[in-house]
>>> print(open('upload.pdb').read())   # PDB, C-alpha atoms and all ligand atoms
ATOM      1  CA  MET A   1       0.799  -1.126 -29.008
ATOM      2  CA  LEU A   2       3.140  -0.172 -26.152
ATOM      3  CA  ASP A   3       4.082  -2.941 -23.744
ATOM      4  CA  LEU A   4       4.215  -2.600 -19.962
ATOM      5  CA  HIS A   5       7.936  -1.841 -20.024
ATOM      6  CA  ASP A   6       7.501   1.022 -22.509
ATOM      7  CA  LYS A   7       4.554   2.470 -20.573
ATOM      8  CA  MET A   8       6.612   2.389 -17.393
ATOM      9  CA  GLU A   9       9.528   4.151 -19.096
ATOM     10  CA  GLU A  10       7.329   6.827 -20.650
ATOM     11  CA  ALA A  11       5.596   7.604 -17.371
ATOM     12  CA  ALA A  12       8.900   7.723 -15.481
ATOM     13  CA  ALA A  13      10.499   9.992 -18.100
ATOM     14  CA  PHE A  14       7.505  12.343 -17.879
ATOM     15  CA  ILE A  15       7.778  12.569 -14.074
ATOM     16  CA  THR A  16      11.529  13.229 -14.242
ATOM     17  CA  ALA A  17      10.997  15.919 -16.886
ATOM     18  CA  ARG A  18       8.573  17.631 -14.485
ATOM     19  CA  GLY A  19      11.504  18.164 -12.117
ATOM     20  CA  ALA A  20      10.937  15.384  -9.567
ATOM     21  CA  CYS A  21      14.089  14.331  -7.734
ATOM     22  CA  LYS A  22      15.157  10.662  -7.732
ATOM     23  CA  PRO A  23      13.126   9.030  -4.921
ATOM     24  CA  ARG A  24      14.523   6.391  -2.552
ATOM     25  CA  VAL A  25      11.179   5.401  -1.093
ATOM     26  CA  GLY A  26       7.740   5.068  -2.679
ATOM     27  CA  ILE A  27       4.744   5.620  -0.405
ATOM     28  CA  ILE A  28       1.180   4.636  -1.306
ATOM     29  CA  LEU A  29      -1.396   6.411   0.829
ATOM     30  CA  GLY A  30      -4.650   4.564   1.325
ATOM     31  CA  THR A  31      -8.142   5.540   2.418
ATOM     32  CA  GLY A  32      -8.162   8.468   4.833
ATOM     33  CA  LEU A  33      -4.387   8.685   4.905
ATOM     34  CA  GLY A  34      -3.859  11.133   2.062
ATOM     35  CA  ASN A  35      -2.913  14.014   4.355
ATOM     36  CA  PHE A  36       0.446  12.442   4.961
ATOM     37  CA  ALA A  37       1.545  14.080   1.709
ATOM     38  CA  ARG A  38       1.690  17.389   3.634
ATOM     39  CA  GLU A  39       4.858  16.064   5.223
ATOM     40  CA  VAL A  40       6.598  16.156   1.840
ATOM     41  CA  LYS A  41       8.756  19.263   1.339
ATOM     42  CA  GLU A  42      10.038  20.968  -1.830
ATOM     43  CA  GLU A  43       7.468  18.985  -3.644
ATOM     44  CA  VAL A  44       6.603  18.513  -7.293
ATOM     45  CA  VAL A  45       2.891  17.631  -7.515
ATOM     46  CA  ILE A  46       1.587  15.863 -10.619
ATOM     47  CA  PRO A  47      -2.100  14.910 -11.010
ATOM     48  CA  TYR A  48      -2.452  11.305 -12.166
ATOM     49  CA  CYS A  49      -4.511  12.416 -15.159
ATOM     50  CA  GLU A  50      -1.423  14.167 -16.577
ATOM     51  CA  ILE A  51       0.933  11.185 -16.274
ATOM     52  CA  PRO A  52       1.026   9.030 -19.418
ATOM     53  CA  HIS A  53      -0.725   5.642 -18.969
ATOM     54  CA  PHE A  54      -1.797   6.309 -15.349
ATOM     55  CA  PRO A  55      -5.421   5.547 -14.577
ATOM     56  CA  THR A  56      -7.361   8.195 -12.592
ATOM     57  CA  SER A  57      -8.385   7.601  -9.002
ATOM     58  CA  THR A  58     -12.136   7.474  -8.405
ATOM     59  CA  ALA A  59     -12.263   6.014  -4.866
ATOM     60  CA  ILE A  60     -13.595   8.133  -1.985
ATOM     61  CA  GLY A  61     -10.913   9.639   0.248
ATOM     62  CA  HIS A  62      -8.372   9.454  -2.577
ATOM     63  CA  LYS A  63      -7.019  12.652  -4.153
ATOM     64  CA  GLY A  64      -5.247  11.321  -7.218
ATOM     65  CA  GLN A  65      -1.814  12.899  -7.455
ATOM     66  CA  LEU A  66       1.832  12.014  -7.203
ATOM     67  CA  VAL A  67       3.797  14.133  -4.736
ATOM     68  CA  CYS A  68       7.578  13.932  -5.131
ATOM     69  CA  GLY A  69       9.928  15.681  -2.722
ATOM     70  CA  THR A  70      11.768  15.160   0.550
ATOM     71  CA  CYS A  71      10.263  13.717   3.698
ATOM     72  CA  ASN A  72      12.289  13.645   6.906
ATOM     73  CA  GLY A  73      15.471  13.933   4.893
ATOM     74  CA  VAL A  74      14.660  11.194   2.369
ATOM     75  CA  PRO A  75      13.656  11.743  -1.266
ATOM     76  CA  VAL A  76      10.241  10.135  -1.720
ATOM     77  CA  ALA A  77       7.513   9.628  -4.314
ATOM     78  CA  THR A  78       4.135   9.673  -2.596
ATOM     79  CA  MET A  79       0.924   8.462  -4.167
ATOM     80  CA  GLU A  80      -1.915  10.486  -2.736
ATOM     81  CA  GLY A  81      -4.586   7.976  -3.605
ATOM     82  CA  ARG A  82      -4.292   4.634  -5.336
ATOM     83  CA  PHE A  83      -6.187   2.508  -7.818
ATOM     84  CA  HIS A  84      -8.357  -0.481  -7.074
ATOM     85  CA  SER A  85      -9.613  -3.389  -9.072
ATOM     86  CA  TYR A  86     -13.200  -2.513  -8.081
ATOM     87  CA  GLU A  87     -12.893   0.765 -10.009
ATOM     88  CA  GLY A  88     -12.784  -1.383 -13.125
ATOM     89  CA  TYR A  89      -9.038  -1.271 -13.716
ATOM     90  CA  SER A  90      -6.972  -4.318 -14.564
ATOM     91  CA  LEU A  91      -4.395  -5.253 -11.932
ATOM     92  CA  GLN A  92      -1.707  -4.330 -14.458
ATOM     93  CA  GLN A  93      -3.127  -0.797 -14.483
ATOM     94  CA  VAL A  94      -3.548  -0.759 -10.700
ATOM     95  CA  THR A  95       0.118  -1.607 -10.220
ATOM     96  CA  LEU A  96       1.696   0.479 -12.999
ATOM     97  CA  PRO A  97       2.612   3.258 -10.507
ATOM     98  CA  VAL A  98       4.662   0.798  -8.443
ATOM     99  CA  ARG A  99       6.649  -0.123 -11.529
ATOM    100  CA  VAL A 100       7.065   3.554 -12.427
ATOM    101  CA  MET A 101       8.305   4.447  -8.931
ATOM    102  CA  ARG A 102      10.763   1.537  -9.105
ATOM    103  CA  LYS A 103      11.989   2.830 -12.457
ATOM    104  CA  LEU A 104      12.421   6.274 -10.863
ATOM    105  CA  GLY A 105      14.750   4.667  -8.306
ATOM    106  CA  ILE A 106      12.839   3.589  -5.186
ATOM    107  CA  GLU A 107      14.463   0.847  -3.099
ATOM    108  CA  LEU A 108      11.604   0.440  -0.604
ATOM    109  CA  LEU A 109       7.825   0.543  -0.971
ATOM    110  CA  ILE A 110       5.689   1.681   1.966
ATOM    111  CA  VAL A 111       1.984   0.926   1.603
ATOM    112  CA  SER A 112      -0.917   1.969   3.800
ATOM    113  CA  ASN A 113      -4.532   0.926   3.685
ATOM    114  CA  ALA A 114      -7.798   0.823   5.573
ATOM    115  CA  ALA A 115      -8.884  -2.646   6.619
ATOM    116  CA  GLY A 116     -11.581  -4.488   8.480
ATOM    117  CA  GLY A 117     -10.274  -6.180  11.620
ATOM    118  CA  MET A 118     -11.301  -9.821  12.085
ATOM    119  CA  ASN A 119      -8.874 -10.651  14.869
ATOM    120  CA  PRO A 120     -10.939 -10.253  18.048
ATOM    121  CA  HIS A 121      -8.066  -8.381  19.740
ATOM    122  CA  PHE A 122      -8.271  -5.557  17.216
ATOM    123  CA  ARG A 123     -10.096  -2.256  17.886
ATOM    124  CA  VAL A 124     -11.116   0.539  15.528
ATOM    125  CA  GLY A 125      -8.153   2.911  15.192
ATOM    126  CA  ASP A 126      -5.512   0.251  15.892
ATOM    127  CA  VAL A 127      -2.676  -0.247  13.475
ATOM    128  CA  MET A 128      -1.693  -3.607  11.999
ATOM    129  CA  ILE A 129       1.753  -4.083  10.508
ATOM    130  CA  ILE A 130       1.290  -6.601   7.713
ATOM    131  CA  GLU A 131       3.621  -9.570   8.048
ATOM    132  CA  ASP A 132       2.066 -11.665   5.298
ATOM    133  CA  HIS A 133      -0.902 -11.713   2.948
ATOM    134  CA  ILE A 134      -3.412 -13.986   1.266
ATOM    135  CA  ASN A 135      -4.477 -13.176  -2.273
ATOM    136  CA  LEU A 136      -8.198 -13.914  -2.620
ATOM    137  CA  MET A 137      -8.741 -11.414  -5.413
ATOM    138  CA  GLY A 138      -9.125 -14.173  -7.958
ATOM    139  CA  ASP A 139      -6.710 -12.183 -10.067
ATOM    140  CA  ASN A 140      -3.010 -11.405 -10.316
ATOM    141  CA  PRO A 141      -1.075  -8.461 -11.813
ATOM    142  CA  LEU A 142       1.519 -10.873 -13.249
ATOM    143  CA  LEU A 143      -0.891 -12.822 -15.473
ATOM    144  CA  GLY A 144       0.053 -13.031 -19.134
ATOM    145  CA  TYR A 145       3.355 -12.559 -20.909
ATOM    146  CA  ASN A 146       6.271 -12.062 -18.494
ATOM    147  CA  ASP A 147       8.813  -9.429 -19.471
ATOM    148  CA  GLU A 148      12.079 -10.653 -17.916
ATOM    149  CA  ARG A 149      13.350  -7.046 -17.829
ATOM    150  CA  LEU A 150      10.732  -6.386 -15.151
ATOM    151  CA  GLY A 151      11.128  -9.534 -13.066
ATOM    152  CA  PRO A 152      11.028 -13.344 -13.072
ATOM    153  CA  ARG A 153       8.142 -15.498 -14.297
ATOM    154  CA  PHE A 154       7.724 -17.154 -10.902
ATOM    155  CA  PRO A 155       8.696 -14.664  -8.193
ATOM    156  CA  ASP A 156       9.439 -15.819  -4.670
ATOM    157  CA  MET A 157       6.938 -14.609  -2.076
ATOM    158  CA  SER A 158       8.430 -16.208   1.039
ATOM    159  CA  GLU A 159       9.414 -12.920   2.664
ATOM    160  CA  VAL A 160       8.038  -9.880   0.885
ATOM    161  CA  TYR A 161       7.308  -7.916   4.035
ATOM    162  CA  ASP A 162      10.659  -6.830   5.432
ATOM    163  CA  ARG A 163      11.146  -8.368   8.894
ATOM    164  CA  LYS A 164      13.495  -5.698  10.212
ATOM    165  CA  LEU A 165      11.078  -2.951   9.217
ATOM    166  CA  ILE A 166       8.164  -4.839  10.824
ATOM    167  CA  ASP A 167      10.119  -5.075  14.088
ATOM    168  CA  ARG A 168      11.090  -1.412  13.874
ATOM    169  CA  ALA A 169       7.481  -0.327  13.163
ATOM    170  CA  MET A 170       6.286  -2.320  16.187
ATOM    171  CA  GLU A 171       8.984  -0.707  18.322
ATOM    172  CA  ILE A 172       8.006   2.791  17.165
ATOM    173  CA  ALA A 173       4.377   2.110  18.124
ATOM    174  CA  ARG A 174       5.390   0.714  21.530
ATOM    175  CA  LEU A 175       7.603   3.708  22.317
ATOM    176  CA  ALA A 176       4.836   6.076  21.192
ATOM    177  CA  ASN A 177       2.358   4.182  23.351
ATOM    178  CA  PHE A 178      -0.237   3.130  20.818
ATOM    179  CA  ALA A 179      -1.626  -0.282  19.909
ATOM    180  CA  ALA A 180      -0.043  -1.979  16.912
ATOM    181  CA  HIS A 181      -0.416  -5.622  15.957
ATOM    182  CA  ARG A 182       1.365  -7.877  13.500
ATOM    183  CA  GLY A 183      -0.965  -9.745  11.230
ATOM    184  CA  VAL A 184      -2.027 -11.328   7.983
ATOM    185  CA  TYR A 185      -3.950  -9.226   5.451
ATOM    186  CA  VAL A 186      -6.321 -10.840   3.000
ATOM    187  CA  GLY A 187      -7.089  -8.972  -0.214
ATOM    188  CA  LEU A 188     -10.489  -9.258  -1.909
ATOM    189  CA  LYS A 189     -11.723  -7.422  -4.973
ATOM    190  CA  GLY A 190     -14.721  -5.769  -3.332
ATOM    191  CA  PRO A 191     -16.472  -3.394  -3.722
ATOM    192  CA  ASN A 192     -19.020  -4.769  -1.286
ATOM    193  CA  PHE A 193     -18.021  -5.315   2.302
ATOM    194  CA  GLU A 194     -18.144  -8.964   3.363
ATOM    195  CA  THR A 195     -21.030 -11.050   4.606
ATOM    196  CA  ARG A 196     -20.894 -12.600   8.075
ATOM    197  CA  ALA A 197     -20.141 -15.988   6.521
ATOM    198  CA  GLU A 198     -17.298 -14.474   4.499
ATOM    199  CA  TYR A 199     -15.715 -12.785   7.544
ATOM    200  CA  ARG A 200     -15.975 -16.121   9.403
ATOM    201  CA  PHE A 201     -14.334 -17.901   6.473
ATOM    202  CA  LEU A 202     -11.558 -15.312   6.111
ATOM    203  CA  ARG A 203     -10.725 -15.539   9.803
ATOM    204  CA  LEU A 204     -10.711 -19.341   9.609
ATOM    205  CA  VAL A 205      -8.220 -19.384   6.750
ATOM    206  CA  GLY A 206      -5.773 -17.332   8.798
ATOM    207  CA  ALA A 207      -6.377 -13.654   8.105
ATOM    208  CA  ASP A 208      -6.414 -10.926  10.750
ATOM    209  CA  ALA A 209      -7.622  -8.078   8.545
ATOM    210  CA  VAL A 210      -9.350  -7.729   5.181
ATOM    211  CA  GLY A 211      -9.223  -5.065   2.516
ATOM    212  CA  MET A 212      -9.555  -4.335  -1.189
ATOM    213  CA  SER A 213      -6.035  -3.200  -2.060
ATOM    214  CA  THR A 214      -2.326  -3.670  -1.312
ATOM    215  CA  VAL A 215      -1.946  -7.303  -2.440
ATOM    216  CA  PRO A 216      -1.487  -6.427  -6.153
ATOM    217  CA  GLU A 217       1.027  -3.667  -5.383
ATOM    218  CA  VAL A 218       2.990  -5.959  -3.078
ATOM    219  CA  ILE A 219       3.067  -8.740  -5.672
ATOM    220  CA  VAL A 220       4.523  -6.303  -8.196
ATOM    221  CA  ALA A 221       7.058  -5.012  -5.647
ATOM    222  CA  ALA A 222       8.131  -8.643  -5.104
ATOM    223  CA  HIS A 223       8.299  -9.169  -8.878
ATOM    224  CA  MET A 224      10.690  -6.211  -9.087
ATOM    225  CA  GLY A 225      12.751  -7.423  -6.117
ATOM    226  CA  MET A 226      11.752  -4.675  -3.719
ATOM    227  CA  PRO A 227      11.154  -4.910   0.058
ATOM    228  CA  VAL A 228       7.842  -3.682   1.438
ATOM    229  CA  LEU A 229       6.523  -2.200   4.669
ATOM    230  CA  ALA A 230       2.710  -2.260   4.748
ATOM    231  CA  ILE A 231       0.485  -0.780   7.432
ATOM    232  CA  SER A 232      -3.264  -1.266   7.839
ATOM    233  CA  THR A 233      -5.435   0.977   9.948
ATOM    234  CA  ILE A 234      -8.352  -0.944  11.378
ATOM    235  CA  THR A 235     -11.396   1.092  10.396
ATOM    236  CA  ASN A 236     -14.139  -1.364  11.393
ATOM    237  CA  VAL A 237     -14.305  -4.531  13.424
ATOM    238  CA  CYS A 238     -15.705  -7.546  11.622
ATOM    239  CA  LEU A 239     -16.778 -10.092  14.197
ATOM    240  CA  PRO A 240     -19.361 -12.246  12.423
ATOM    241  CA  ASP A 241     -21.540 -12.900  15.477
ATOM    242  CA  VAL A 242     -21.915  -9.238  16.430
ATOM    243  CA  LEU A 243     -21.435  -7.602  13.058
ATOM    244  CA  GLU A 244     -22.526  -3.991  12.695
ATOM    245  CA  LYS A 245     -23.458  -2.377   9.387
ATOM    246  CA  ALA A 246     -20.369  -1.238   7.438
ATOM    247  CA  ASP A 247     -20.399   2.315   6.122
ATOM    248  CA  ALA A 248     -17.806   3.566   3.633
ATOM    249  CA  ASN A 249     -17.822   7.116   5.057
ATOM    250  CA  GLU A 250     -17.222   5.800   8.556
ATOM    251  CA  VAL A 251     -14.321   3.784   7.181
ATOM    252  CA  VAL A 252     -12.802   6.979   5.716
ATOM    253  CA  GLN A 253     -13.334   8.900   8.983
ATOM    254  CA  ALA A 254     -11.809   6.113  11.076
ATOM    255  CA  GLY A 255      -8.841   6.020   8.684
ATOM    256  CA  LYS A 256      -8.353   9.775   9.095
ATOM    257  CA  LYS A 257      -8.447   9.529  12.884
ATOM    258  CA  ALA A 258      -5.760   6.863  12.905
ATOM    259  CA  GLU A 259      -3.545   8.800  10.507
ATOM    260  CA  PRO A 260      -1.179  10.253  13.173
ATOM    261  CA  LYS A 261      -0.131   6.712  14.111
ATOM    262  CA  MET A 262       0.675   5.764  10.546
ATOM    263  CA  ARG A 263       2.423   9.102  10.061
ATOM    264  CA  ARG A 264       4.570   8.544  13.152
ATOM    265  CA  ILE A 265       5.711   5.126  11.960
ATOM    266  CA  VAL A 266       6.490   6.257   8.424
ATOM    267  CA  LEU A 267       8.311   9.431   9.515
ATOM    268  CA  GLU A 268      10.504   7.539  11.958
ATOM    269  CA  ILE A 269      11.328   4.813   9.450
ATOM    270  CA  LEU A 270      12.308   7.511   6.946
ATOM    271  CA  GLY A 271      14.365   9.209   9.672
ATOM    272  CA  ASP A 272      16.267   5.933  10.214
ATOM    273  CA  LEU A 273      16.996   5.702   6.488
ATOM    274  CA  ALA A 274      18.154   9.325   6.360
ATOM    275  CA  SER A 275      20.496   8.929   9.298
ATOM    276  CA  ASP A 276      22.171   5.672   8.330
ATOM    277  CA  GLY A 277      22.125   6.568   4.621
ATOM    278  CA  ALA A 278      22.413   2.842   3.934
ATOM    279  CA  ASN A 279      20.513   0.898   1.360
ATOM    280  CA  VAL A 280      17.423  -0.843   2.686
ATOM    281  CA  ARG A 281      18.648  -4.187   1.467
TER     282      ARG A 281
HETATM  283  N1  LIG B 301     -13.769  -5.295   4.174
HETATM  284  C1  LIG B 301     -13.085  -5.019   3.063
HETATM  285  N2  LIG B 301     -12.379  -3.902   2.912
HETATM  286  C2  LIG B 301     -12.349  -3.030   3.915
HETATM  287  C3  LIG B 301     -13.034  -3.263   5.105
HETATM  288  C4  LIG B 301     -13.796  -4.463   5.241
HETATM  289  O1  LIG B 301     -14.441  -4.740   6.265
HETATM  290  N3  LIG B 301     -12.813  -2.188   5.920
HETATM  291  C5  LIG B 301     -11.995  -1.345   5.232
HETATM  292  N4  LIG B 301     -11.722  -1.846   4.027
END
>>> encode(input="upload.pdb", output="C-alpha cells", more="lines below")
Ligand code: HPA
Amino acid sequence: MLDLHDKMEEAAAFITARGACKPRVGIILGTGLGNFAREVKEEVVIPYCEIPHFPTSTAIGHKGQLVCGTCNGVPVATMEGRFHSYEGYSLQQVTLPVRVMRKLGIELLIVSNAAGGMNPHFRVGDVMIIEDHINLMGDNPLLGYNDERLGPRFPDMSEVYDRKLIDRAMEIARLANFAAHRGVYVGLKGPNFETRAEYRFLRLVGADAVGMSTVPEVIVAAHMGMPVLAISTITNVCLPDVLEKADANEVVQAGKKAEPKMRRIVLEILGDLASDGANVR
C-alpha cells in the first residue's frame, strides 16, 4: 500500500505532467468563494477526480477542481472547492491537497471559508482574518505514524497564522473601507449547525467564529513548516439568545456576496509578493 509521502509525490507528478507551472502560493477557496478562480490567468484546470489519490468534493458551493496559473503576477495553485470531514473523508484525505501543493512548491497557503459569527460585533458579510484557532473536531490529520520527511512528530503551533500578513490584510480592508476583524476560529466536524448551548459554549471558550473546515489544512501547513493567511466570511450571526434558523443555501449566498472583499485582500497580498519578489518567510 502507498504511504502518504508516495501519494503526495504521485499526485504532484501528475499535476506537473499536465503542464501546471510551479506555484508559489496555494489558495483554498471555501463556500461561495469559488469564483475567485476566474482571476487565475493562463490556467491549467484539473478536476479533482482525475488527480491520483484526491477525494472528490461533494459539498454545496464547491466545484471540485484545481486551477493552476498566474494571479496578479504570482504563480498559484487554486483549489476551487475543498474537502470536509463531514463528507466522510479522513483528515489525512482532507489535507492531502495541501501536502501536494507544498510538494509542487508553494511557500504560503491562503485559506478562505464561510463561518458563523459569535462575536457580537460581527455582521453578516464581514470578513474575519483568523489570528488563531481552536481544534474541536475531535480529530487530527497528524494522527498515526509520522513520516519525518513530511514534518516533525510534534509540530509547533504557536504562530501558524502569519502576523505580517494579518496586519497587511487588515490594512487592505481599512483602505478599501470595509469591515474586517481579527479573531479566533473554532473548527467543528459538523455537518449540523450548532445548538444555542453550543454557540454559547464556543464563545465562552474564546472563539469569535465557527466553521467546519480550515483547522485540518492549517495543521498540515504547520506540519510542513508553511505560513498561512486564513480569511473567514461571516455568513450568519450566531448569538445564542436571538438565534435565527441556519440555512445552508443562505450561507452559500452570503459567502458569494462577501466574495469581492476576500478577492480584494488576496489580490493585493499576491500583488505585494509579485512586486517584492521576496520569499514569504
Ligand atoms: N456553524 C458551523 N459552520 C458554519 C456556520 C455555523 O454557524 N456558518 C458557516 N459555516
>>> residues_near_point(input="upload.pdb", point="(-3.9, 5.0, -19.2)", cutoff="12 Å", atoms="only C-alpha atoms", output="number ranges by chain")
A: 2, 4, 7-8, 10-11, 48-57, 83, 89-90, 92-97
>>> atom_distance(input="upload.pdb", atom1="atom CA of Glu250 of chain A", atom2="atom CA of Asn35 of chain A")
17.0 Å
>>> residues_around(input="upload.pdb", residues="segment 36-45 of chain A", least_positions_apart="3", cutoff="12 Å", atoms="all atoms listed in the file", output="ChimeraX atom specification")
/A:15-23,26-33,48-51,62-81,112,255-256,258-267,270
>>> closest_residue(input="upload.pdb", among="A:Asn113, A:Ser85, A:Asn146, A:Asn119", to="Met224 of chain A", atoms="all atoms listed in the file")
A:Asn146
>>> resolve_selection(input="upload.pdb", expression="the PyMOL selection byres (((not hetatm)) within 10 of (chain B and resi 301))", output="PyMOL selection string")
chain A and resi 30-31+113-118+186-195+198-199+209-213+232-239+245-248+250-252+254-255
>>> residues_around(input="upload.pdb", residues="segment 155-164 of chain A", least_positions_apart="2", cutoff="9 Å", atoms="only C-alpha atoms", output="NGL selection string")
:A and (130-132 or 151-153 or 166-169 or 218-219 or 221-230)
>>> write_last_selection(input="upload.pdb", atoms="C-alpha atoms", output="PDB file, keeping the file's coordinate frame")
ATOM      1  CA  ILE A 130       1.290  -6.601   7.713  1.00  0.00           C
ATOM      2  CA  GLU A 131       3.621  -9.570   8.048  1.00  0.00           C
ATOM      3  CA  ASP A 132       2.066 -11.665   5.298  1.00  0.00           C
ATOM      4  CA  GLY A 151      11.128  -9.534 -13.066  1.00  0.00           C
ATOM      5  CA  PRO A 152      11.028 -13.344 -13.072  1.00  0.00           C
ATOM      6  CA  ARG A 153       8.142 -15.498 -14.297  1.00  0.00           C
ATOM      7  CA  ILE A 166       8.164  -4.839  10.824  1.00  0.00           C
ATOM      8  CA  ASP A 167      10.119  -5.075  14.088  1.00  0.00           C
ATOM      9  CA  ARG A 168      11.090  -1.412  13.874  1.00  0.00           C
ATOM     10  CA  ALA A 169       7.481  -0.327  13.163  1.00  0.00           C
ATOM     11  CA  VAL A 218       2.990  -5.959  -3.078  1.00  0.00           C
ATOM     12  CA  ILE A 219       3.067  -8.740  -5.672  1.00  0.00           C
ATOM     13  CA  ALA A 221       7.058  -5.012  -5.647  1.00  0.00           C
ATOM     14  CA  ALA A 222       8.131  -8.643  -5.104  1.00  0.00           C
ATOM     15  CA  HIS A 223       8.299  -9.169  -8.878  1.00  0.00           C
ATOM     16  CA  MET A 224      10.690  -6.211  -9.087  1.00  0.00           C
ATOM     17  CA  GLY A 225      12.751  -7.423  -6.117  1.00  0.00           C
ATOM     18  CA  MET A 226      11.752  -4.675  -3.719  1.00  0.00           C
ATOM     19  CA  PRO A 227      11.154  -4.910   0.058  1.00  0.00           C
ATOM     20  CA  VAL A 228       7.842  -3.682   1.438  1.00  0.00           C
ATOM     21  CA  LEU A 229       6.523  -2.200   4.669  1.00  0.00           C
ATOM     22  CA  ALA A 230       2.710  -2.260   4.748  1.00  0.00           C
TER      23      ALA A 230
END
>>> atom_distance(input="upload.pdb", atom1="atom CA of Thr214 of chain A", atom2="atom CA of Asp147 of chain A")
22.1 Å
>>> closest_residue(input="upload.pdb", among="A:Asp126, A:Asp272, A:Glu217, A:Asp139", to="Val98 of chain A", atoms="only C-alpha atoms")
A:Glu217
>>> atom_distance(input="upload.pdb", atom1="atom CA of Ile231 of chain A", atom2="atom CA of Leu142 of chain A")
23.0 Å
>>> closest_residue(input="upload.pdb", among="A:Ala179, A:Leu204, A:Ala12, A:Met128", to="Arg102 of chain A", atoms="all atoms listed in the file")
A:Ala12
>>> closest_residue(input="upload.pdb", among="A:Gly105, A:Gly138, A:Gln253, A:Arg24", to="Ala274 of chain A", atoms="all atoms listed in the file")
A:Arg24
>>> closest_residue(input="upload.pdb", among="A:Lys257, A:His133, A:Pro120, A:Leu143", to="Pro240 of chain A", atoms="all atoms listed in the file")
A:Pro120
>>> resolve_selection(input="upload.pdb", expression="the PyMOL selection byres (((chain A and resi 180) around 8) and not hetatm)", output="PyMOL selection string")
chain A and resi 126-129+170+173-174+178-179+181-182
>>> write_last_selection(input="upload.pdb", atoms="C-alpha atoms", output="tab-separated table (two decimals), in the frame of the given file")
chain	number	residue	atom	x	y	z
A	126	ASP	CA	-5.51	0.25	15.89
A	127	VAL	CA	-2.68	-0.25	13.48
A	128	MET	CA	-1.69	-3.61	12.00
A	129	ILE	CA	1.75	-4.08	10.51
A	170	MET	CA	6.29	-2.32	16.19
A	173	ALA	CA	4.38	2.11	18.12
A	174	ARG	CA	5.39	0.71	21.53
A	178	PHE	CA	-0.24	3.13	20.82
A	179	ALA	CA	-1.63	-0.28	19.91
A	181	HIS	CA	-0.42	-5.62	15.96
A	182	ARG	CA	1.36	-7.88	13.50
>>> axis_aligned_box(input="upload.pdb", around="segment 146-165 of chain A", padding_each_side="8 Å", output="JSON")
{"center_x": 9.9, "center_y": -10.1, "center_z": -4.6, "size_x": 23.2, "size_y": 30.2, "size_z": 45.7}
>>> decode(input="upload.pdb", residues="segment 218-265 of chain A", atoms="C-alpha atoms", output="PDB file, in the first residue's frame")
ATOM      1  CA  VAL A 218      -3.711  24.702   8.752  1.00  0.00           C
ATOM      2  CA  ILE A 219      -2.373  21.936  10.994  1.00  0.00           C
ATOM      3  CA  VAL A 220      -0.853  20.245   7.951  1.00  0.00           C
ATOM      4  CA  ALA A 221       0.595  23.552   6.705  1.00  0.00           C
ATOM      5  CA  ALA A 222       2.227  23.956  10.140  1.00  0.00           C
ATOM      6  CA  HIS A 223       3.484  20.359   9.977  1.00  0.00           C
ATOM      7  CA  MET A 224       5.169  21.199   6.665  1.00  0.00           C
ATOM      8  CA  GLY A 225       6.587  24.477   8.001  1.00  0.00           C
ATOM      9  CA  MET A 226       4.440  26.785   5.912  1.00  0.00           C
ATOM     10  CA  PRO A 227       2.937  30.172   6.887  1.00  0.00           C
ATOM     11  CA  VAL A 228      -0.803  30.665   6.492  1.00  0.00           C
ATOM     12  CA  LEU A 229      -3.203  33.524   5.828  1.00  0.00           C
ATOM     13  CA  ALA A 230      -6.802  32.485   6.546  1.00  0.00           C
ATOM     14  CA  ILE A 231      -9.912  34.562   5.945  1.00  0.00           C
ATOM     15  CA  SER A 232     -13.448  33.804   7.121  1.00  0.00           C
ATOM     16  CA  THR A 233     -16.517  35.438   5.672  1.00  0.00           C
ATOM     17  CA  ILE A 234     -19.234  35.727   8.275  1.00  0.00           C
ATOM     18  CA  THR A 235     -22.273  34.148   6.646  1.00  0.00           C
ATOM     19  CA  ASN A 236     -24.601  34.012   9.665  1.00  0.00           C
ATOM     20  CA  VAL A 237     -24.622  35.523  13.114  1.00  0.00           C
ATOM     21  CA  CYS A 238     -24.834  33.054  15.970  1.00  0.00           C
ATOM     22  CA  LEU A 239     -25.984  34.892  19.063  1.00  0.00           C
ATOM     23  CA  PRO A 240     -27.499  32.206  21.288  1.00  0.00           C
ATOM     24  CA  ASP A 241     -30.213  34.399  22.813  1.00  0.00           C
ATOM     25  CA  VAL A 242     -31.587  35.622  19.486  1.00  0.00           C
ATOM     26  CA  LEU A 243     -30.596  32.749  17.240  1.00  0.00           C
ATOM     27  CA  GLU A 244     -32.288  32.509  13.857  1.00  0.00           C
ATOM     28  CA  LYS A 245     -32.640  29.284  11.883  1.00  0.00           C
ATOM     29  CA  ALA A 246     -29.459  28.463   9.922  1.00  0.00           C
ATOM     30  CA  ASP A 247     -29.891  27.618   6.254  1.00  0.00           C
ATOM     31  CA  ALA A 248     -27.059  26.153   4.175  1.00  0.00           C
ATOM     32  CA  ASN A 249     -28.194  27.914   0.975  1.00  0.00           C
ATOM     33  CA  GLU A 250     -28.270  31.258   2.749  1.00  0.00           C
ATOM     34  CA  VAL A 251     -24.752  30.559   3.980  1.00  0.00           C
ATOM     35  CA  VAL A 252     -23.610  29.981   0.370  1.00  0.00           C
ATOM     36  CA  GLN A 253     -25.371  33.154  -0.845  1.00  0.00           C
ATOM     37  CA  ALA A 254     -23.897  35.259   1.959  1.00  0.00           C
ATOM     38  CA  GLY A 255     -20.455  33.837   1.138  1.00  0.00           C
ATOM     39  CA  LYS A 256     -20.893  34.808  -2.519  1.00  0.00           C
ATOM     40  CA  LYS A 257     -21.922  38.351  -1.617  1.00  0.00           C
ATOM     41  CA  ALA A 258     -18.836  38.839   0.520  1.00  0.00           C
ATOM     42  CA  GLU A 259     -16.529  37.430  -2.146  1.00  0.00           C
ATOM     43  CA  PRO A 260     -15.305  40.818  -3.501  1.00  0.00           C
ATOM     44  CA  LYS A 261     -13.818  41.601  -0.081  1.00  0.00           C
ATOM     45  CA  MET A 262     -11.926  38.337   0.093  1.00  0.00           C
ATOM     46  CA  ARG A 263     -10.855  38.773  -3.526  1.00  0.00           C
ATOM     47  CA  ARG A 264      -9.524  42.267  -2.819  1.00  0.00           C
ATOM     48  CA  ILE A 265      -7.418  41.068   0.101  1.00  0.00           C
TER      49      ILE A 265
END
